[in-house]
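> Sharing a structure here in structure tokens format.
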Amino acid sequence: MPFAELTRLSPNRDRSPAHEQLGVLFHHSIQPFDETIALMARPESKVSYHCLIAPEGTRCTLVPDAEVAWHAGASEFLGRTRCNDFLLGVAFAGDTYAAPLTAAQIASALEWLAPRWTRHAWTIARLTDHRQVSPGRKDDLNPTEWSRLHAAIVAQFP
Ligand SMILES: [Zn+2]
């Protein structure tokens, strides 16, 4: 059964140029699901993700895939800087150092990924997390949780 989805569009996004959608950058939000949505509704926060995933698997769309969300900051991946231009931002609500990803969060991320994986012809090499693209500045995800997520993605999309 699919997970519930809601949309709460954030003002913190760029409508042009079009997002390149070359891959995905995963985060955790530290704050809980509702608090994160509220934060991203405020222009002064200047932050947003494309998608936020609650512990029970509910997904909230905050920025449409075709637009640029403000999630990465100073970052580098695939030999390029400005990951916001080309990586979609997906966050798990919570803190992966305080509690592991739930089975529902991982299942919901796989559900979110499935149509995009095919549409964009992604490979596992196009997926990363904030810790890896902003080393020394960001620590999300917990490496143990990144490994769990990575293994689940590889198993689902061989
Ligand atoms: Zn992050």
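Chain identifiers are assigned as A, B, and so on, following the order in which chains appear in the structure tokens; residues are numbered from 1 within each chain, and ligands are numbered from 1 in order of appearance.
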Show me a table, sorted first by chain and then by increasing residue number, of the residues of chain A having an atom at most 7 Å from ligand 1, each with its shortest atom pair and the distance in Å to one decimal, counting only C-alpha atoms and all ligand atoms and written as JSON lines.


```
{"residue": "A:His27", "atom": "CA", "partner": "ligand 1", "partner_atom_place_in_ligand_line": "1 (Zn)", "distance": 4.2}
{"residue": "A:His28", "atom": "CA", "partner": "ligand 1", "partner_atom_place_in_ligand_line": "1 (Zn)", "distance": 5.9}
{"residue": "A:Ser29", "atom": "CA", "partner": "ligand 1", "partner_atom_place_in_ligand_line": "1 (Zn)", "distance": 6.7}
{"residue": "A:His71", "atom": "CA", "partner": "ligand 1", "partner_atom_place_in_ligand_line": "1 (Zn)", "distance": 6.6}
{"residue": "A:Ala72", "atom": "CA", "partner": "ligand 1", "partner_atom_place_in_ligand_line": "1 (Zn)", "distance": 6.5}
{"residue": "A:His130", "atom": "CA", "partner": "ligand 1", "partner_atom_place_in_ligand_line": "1 (Zn)", "distance": 4.9}
{"residue": "A:Lys138", "atom": "CA", "partner": "ligand 1", "partner_atom_place_in_ligand_line": "1 (Zn)", "distance": 6.5}
{"residue": "A:Asp140", "atom": "CA", "partner": "ligand 1", "partner_atom_place_in_ligand_line": "1 (Zn)", "distance": 5.5}
```

> Please save C-alpha atoms of the selected residues as a PDB file, in the first residue's frame.


```pdb
ATOM      1  CA  HIS A  27      19.498  14.506   4.590  1.00  0.00           C
ATOM      2  CA  HIS A  28      18.041  14.229   8.029  1.00  0.00           C
ATOM      3  CA  SER A  29      16.120  17.229   9.296  1.00  0.00           C
ATOM      4  CA  HIS A  71      19.039  22.193   0.842  1.00  0.00           C
ATOM      5  CA  ALA A  72      22.725  21.664   0.116  1.00  0.00           C
ATOM      6  CA  HIS A 130      24.908  15.741   2.838  1.00  0.00           C
ATOM      7  CA  LYS A 138      27.558  18.631   7.617  1.00  0.00           C
ATOM      8  CA  ASP A 140      23.902  13.938   7.902  1.00  0.00           C
TER       9      ASP A 140
END
```

> Give me the residues near Leu6 in chain A as a VMD selection string, where near means some atom within 7 Å (using only C-alpha atoms) and where sequence neighbours in that chain fewer than 3 positions away do not count.

chain A and resid 59 to 61

> Just give me the gap between CA of Trp146 in chain A and CA of Pro11 in chain A in Å, one decimal is fine.

28.9 Å

> Report as a PyMOL selection string all protein, DNA and RNA residues lying within 8 Å of His120 in chain A, evaluated on only C-alpha atoms, omitting residues in the same chain fewer than 2 positions from it.

chain A and resi 21-22+116-118+122

> Out of range 17-125 of chain A, which residues get helix (DSSP H, G or I) from DSSP, as a ChimeraX atom specification?

/A:33-40,43-45,83-85,103-120,124-125

> When you count only C-alpha atoms, which of these residues is closest to Val63 in chain A: A:Gly89, A:Pro17, A:Gly23, A:Gly136?

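Among the listed residues, the smallest separation from Val63 in chain A belongs to A:Gly89.
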
> Tell me, as an mmCIF file with C-alpha atoms, in the first residue's frame, which residues lie within 8 Å of Asp95 in chain A, counting only C-alpha atoms; anything in the same chain fewer than 3 positions away does not count.


```cif
data_model
loop_
_atom_site.group_PDB
_atom_site.id
_atom_site.type_symbol
_atom_site.label_atom_id
_atom_site.label_comp_id
_atom_site.auth_asym_id
_atom_site.auth_seq_id
_atom_site.Cartn_x
_atom_site.Cartn_y
_atom_site.Cartn_z
ATOM 1 C CA HIS A 28 18.041 14.229 8.029
ATOM 2 C CA SER A 29 16.120 17.229 9.296
ATOM 3 C CA ILE A 30 16.970 17.062 13.034
ATOM 4 C CA GLN A 31 13.580 18.661 13.733
ATOM 5 C CA ALA A 98 19.673 9.849 17.866
ATOM 6 C CA ALA A 99 17.526 7.163 16.260
ATOM 7 C CA PRO A 100 17.899 4.912 13.206
#
```

> List the spatial neighbours of Asp129 in chain A as a VMD selection string - criterion: any atom at most 12 Å away, only C-alpha atoms, same-chain residues fewer than 5 positions off excluded.

chain A and resid 23 to 28 71 to 72 75 to 77 83 87 to 92 124 134 to 135 138 to 143 145 to 147 149 to 150

> Hey, can you check how far CA of Trp70 in chain A sits from CA of Val47 in chain A?

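So the two atoms, CA of Trp70 in chain A and CA of Val47 in chain A, lie 5.0 Å apart.
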
> What's the separation between CA of Ile37 in chain A and CA of Leu52 in chain A, in Å to one decimal place?

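Value for the CA of Ile37 in chain A-CA of Leu52 in chain A distance: 8.2 Å.
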
> According to DSSP computed on the backbone, where in range 4-35 of chain A is there strand (DSSP E)? Give the residues as a list of chain:residue names.

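Restricting range 4-35 of chain A to strand (DSSP E) produces A:Glu5, A:Leu6, A:Thr7, A:Arg13, A:Asp14, A:Gly23, A:Val24, A:Leu25, A:Phe26, A:His27, A:His28.
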
> Output C-alpha atoms for every residue in that selection, as an mmCIF file, in the first residue's frame.


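Written out: out-v4.cif:
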```cif
data_model
loop_
_atom_site.group_PDB
_atom_site.id
_atom_site.type_symbol
_atom_site.label_atom_id
_atom_site.label_comp_id
_atom_site.auth_asym_id
_atom_site.auth_seq_id
_atom_site.Cartn_x
_atom_site.Cartn_y
_atom_site.Cartn_z
ATOM 1 C CA GLU A 5 1.576 12.101 0.504
ATOM 2 C CA LEU A 6 0.884 15.740 1.168
ATOM 3 C CA THR A 7 2.063 18.974 -0.425
ATOM 4 C CA ARG A 13 12.764 27.760 -4.097
ATOM 5 C CA ASP A 14 13.964 28.903 -7.518
ATOM 6 C CA GLY A 23 20.427 12.451 -8.745
ATOM 7 C CA VAL A 24 19.486 12.685 -5.080
ATOM 8 C CA LEU A 25 21.059 14.140 -1.958
ATOM 9 C CA PHE A 26 19.709 12.649 1.285
ATOM 10 C CA HIS A 27 19.498 14.506 4.590
ATOM 11 C CA HIS A 28 18.041 14.229 8.029
#
```

> Compare A:Ala38, A:Ala74, A:Val68, A:Ala104 by their minimum atom-to-atom distance to His50 in chain A, counting only C-alpha atoms, and give me the closest one.

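Answer, going by the shortest atom-to-atom distance: A:Val68.
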